[in-house]
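To start, the structure under review is shown below, and the notes come after it.
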Amino acid sequence: MHNPQLNKHGELQHLLTIDGLPRDVITAILDTAAPFTEVAEREVKKLPLLRGKSIFNLFFENSTRTRTTFEIAAKRLSADVVNLNVSTSSTAKGESLLDTVDNLCAMQADMFVVRHAASGAPFLIAQHLLATGRDHIHVVNAGDGRHAHPTQGLLDMYTIRHYKRDFTNLTVAIVGDVLHSRVARSQISALTTLGVPEVRVIGPKTLLPTEVERMGVRVFHDIREGLKGVDVVMMLRLQNERMNGALLPTPQEYYKVWGLTAEKLALAKPDAIVMHPGPMNRGVEIDSSVADGAQAVILPQVTFGIAVRMAVMSMLAGQQGSNK
Amino acid sequence: MQKLDAEALFQTLVEQMRPHVTPDTALVGIHTGGVWLAERLHPALGLKQPPGSIDVSFYRDDFGSKGLHPQPKRTDIPFDVEGAHVIIVDDVLYTGRTTRAAINELFDFGRPARVDLAVLVDRGGRELPIAARYCALTLPQPLPASQNLQLETDAAGALTLRLIDA
């Protein structure tokens, strides 16, 4: 099947989802990100790679961390970054998504970084660009609905590789609200593609998608059982804003059963790392003593996220010559 | 073209550089050949500063047409560039574009007092106003663009130069 993310040379044209991305492409992104981590230590924290390129951050849904790290990544690559505050934009006046895109293309956009509450919105934009002969413009999915958040998945892989070196002997647990989480979907795709032999999904039945086993994971409804002997604990945020109906009793009750405390973490391997994509609900899915503890790598995840986004944007922008 | 003896050229380069360096002179090798050379030059010249290395992938001027070089290496400058005497080391000097990129990158780490260039071979074909202060061999005839001169090293660090048809 044709993968809309890759051009005819098998190079990355857009980054829309990790699902279906070949292992060597994922590895190439992680390898490319490594030298970018060092830029932050220079006197001039800037590389000239994307000089003269215009990158539009199109955020139809709130985000602080993701938008800021995309912005700083683009700026460290010397690109011009325009942040569209959608609540004050034409969309609020009724302009359609593709009309917004067409207008930005008329302003010579080179790349769109898109976050949207609707799953598939970045795909729609990529297809529209292809159909209108503007496939030199690149699209990066910064989170769409419940579907995917590929750069988060990639920065998580970078973080795991940084601390654990090798994927092929790891047991990784993803804990919490998988049902509403685009992050979890991207993580599961990336972990299985990179050859992690055991990916566990831990959560209450009401917060796990039906037939989640078909994604190649082991399901646990008991957090103590699920955390036994794992190398990596990936916590998910409890997504209150996406919940309709009574999936949960109360946050306090959730914390009691599913919250990651030092006592539960002790069941994992002694050198296990704890990750969280943020923003954290302290005292709901994670206890402060764990979030601030020695095993947490939550802030390094943010730092690595900049390098990974620099890698993605420079790889995309660098494919221009080969399609012309 | 005559057979090139890389080890003999290396000795020539050391003799050329020796009168002009102090223990505080810093070397920066350009990946990959220049890094091997810098590692050999460092003890031969008795320098104190650990040698640095530069991968110019992020500073190349052909990014727009060729894209990002796969598997870029890490740039590592282990000394303070501000006020330093730096010698950029490369195996072969050709168009000068790599040297230009390396100078640009170096300046993002600080303002050096002086920057020189040392190469094993100048193969001709310059496209920029760049010259090496230290150069063991300048080819009498520029090498045709269809050929590549490449430095290689074995496990013991011994250097050889190989001519490859590109």
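A note on labels: chains of the structure tokens are A, B, ... as shown, every chain counts residues from 1, and ligands are counted from 1 in their shown order.
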- request: List every residue of range 166-236 of chain A that DSSP, applied to the backbone of this structure, places in alpha helix (DSSP H), and write the result as number ranges by chain.
  value: A: 182-193, 223-227
Hey, which bits of chain B sit within 12 Å of chain A, and for each residue what's the closest pair of atoms and how far apart in Å (one decimal), counting only C-alpha atoms, rows by chain and increasing number, as a tab-separated table?
residue	atom	partner	partner_atom	distance
B:Ile54	CA	A:Pro35	CA	10.8
B:Asp55	CA	A:Pro35	CA	9.2
B:Val56	CA	A:Leu47	CA	10.4
B:Ser57	CA	A:Leu49	CA	8.9
B:Phe58	CA	A:Leu49	CA	5.7
B:Tyr59	CA	A:Pro48	CA	6.1
B:Arg60	CA	A:Leu49	CA	8.0
B:Asp61	CA	A:Leu49	CA	8.7
B:Asp62	CA	A:Gly318	CA	9.7
B:Phe63	CA	A:Gly318	CA	6.3
B:Gly64	CA	A:Gly318	CA	6.3
B:Ser65	CA	A:Gly321	CA	4.6
B:Lys66	CA	A:Gly321	CA	6.1
B:Gly67	CA	A:Gly318	CA	3.6
B:Leu68	CA	A:Gly318	CA	5.4
B:His69	CA	A:Gly318	CA	9.0
B:Pro70	CA	A:Thr32	CA	7.5
B:Gln71	CA	A:Thr32	CA	5.8
B:Pro72	CA	A:Thr32	CA	6.2
B:Lys73	CA	A:Pro35	CA	6.2
B:Arg74	CA	A:Pro35	CA	4.5
B:Thr75	CA	A:Pro35	CA	7.0
B:Asp76	CA	A:Glu38	CA	8.3
B:Ile77	CA	A:Arg42	CA	9.5
B:Pro78	CA	A:Arg42	CA	11.3
B:Phe79	CA	A:Arg42	CA	11.8
B:Asp80	CA	A:Glu43	CA	10.4
B:Val81	CA	A:Glu43	CA	9.9
B:Glu82	CA	A:Glu43	CA	10.0
B:Ala101	CA	A:Pro48	CA	10.1
B:Asn104	CA	A:Pro48	CA	9.6
B:Glu105	CA	A:Leu47	CA	8.2
B:Leu106	CA	A:Arg42	CA	10.1
B:Phe107	CA	A:Val44	CA	8.4
B:Asp108	CA	A:Val44	CA	4.9
B:Phe109	CA	A:Glu43	CA	5.2
B:Gly110	CA	A:Glu43	CA	6.4
B:Arg111	CA	A:Glu43	CA	10.0
message: So that I can check the secondary structure, give me every residue of range 8-95 of chain B assigned strand (DSSP E or B) by backbone DSSP, as a ChimeraX atom specification.
response: /B:26-30,52-54,76,85-93
Surrounding residues of Thr138 in chain B excluding itself and chain neighbours under 6 positions, 10 Å, only C-alpha atoms, as a PyMOL selection string: chain B and resi 92-93+119-124
message: Residues near Phe10 in chain B, anyone? I mean within 9 Å using only C-alpha atoms, not counting same-chain ones fewer than 6 positions away, as a list in words.
response: Leu37, Arg40, Leu41, Leu120, Ala136 and Leu159 of chain B
Shell around Ala126 in chain A at 9 Å using only C-alpha atoms, local window under 6 positions removed, as a ChimeraX atom specification: /A:4-5,14,16,135,137-139
All residues 8 Å or closer to range 205-218 of chain A, only C-alpha atoms, same chain fewer than 2 positions away omitted, as a PyMOL selection string: chain A and resi 176-180+188-189+192+198-201+203+220-221+247-248
task: Find the residues around Ala73 in chain A up to 7 Å (only C-alpha atoms counted), leave out those fewer than 3 positions away in its own chain, and share them as a list in words.
output: Thr69, Phe70, Arg76, Leu77, Ile306, Ala307, Arg309 and Met310 of chain A
Output N, CA and C atoms for every residue in that selection, as a short mmCIF file (atom, residue, chain, number, x, y, z; two decimals), in the first residue's frame.
data_model
loop_
_atom_site.label_atom_id
_atom_site.label_comp_id
_atom_site.auth_asym_id
_atom_site.auth_seq_id
_atom_site.Cartn_x
_atom_site.Cartn_y
_atom_site.Cartn_z
N THR A 69 7.87 23.65 22.04
CA THR A 69 9.05 22.90 21.61
C THR A 69 9.16 22.86 20.09
N PHE A 70 8.03 22.83 19.39
CA PHE A 70 8.10 22.94 17.92
C PHE A 70 8.66 24.30 17.53
N ARG A 76 15.71 27.19 16.33
CA ARG A 76 17.11 26.76 16.40
C ARG A 76 17.62 26.31 15.05
N LEU A 77 16.71 26.02 14.13
CA LEU A 77 17.11 25.68 12.77
C LEU A 77 17.05 26.91 11.86
N ILE A 306 12.90 18.62 21.76
CA ILE A 306 13.36 19.68 20.87
C ILE A 306 14.25 19.09 19.78
N ALA A 307 15.21 18.26 20.18
CA ALA A 307 16.15 17.67 19.21
C ALA A 307 15.41 16.77 18.22
N ARG A 309 12.29 17.01 17.27
CA ARG A 309 11.50 17.85 16.34
C ARG A 309 12.42 18.56 15.35
N MET A 310 13.62 18.93 15.79
CA MET A 310 14.60 19.50 14.85
C MET A 310 14.94 18.48 13.78
#
- line: Counting only C-alpha atoms, the residue among A:Ile160, A:Met313, A:Ser119, A:Asp166 that lies closest to Ala296 in chain A is A:Ile160
task: Using only C-alpha atoms, find the one residue out of B:Lys48, B:Ala118, B:Val86, B:Asp24 that sits nearest to Leu137 in chain B.
output: B:Ala118
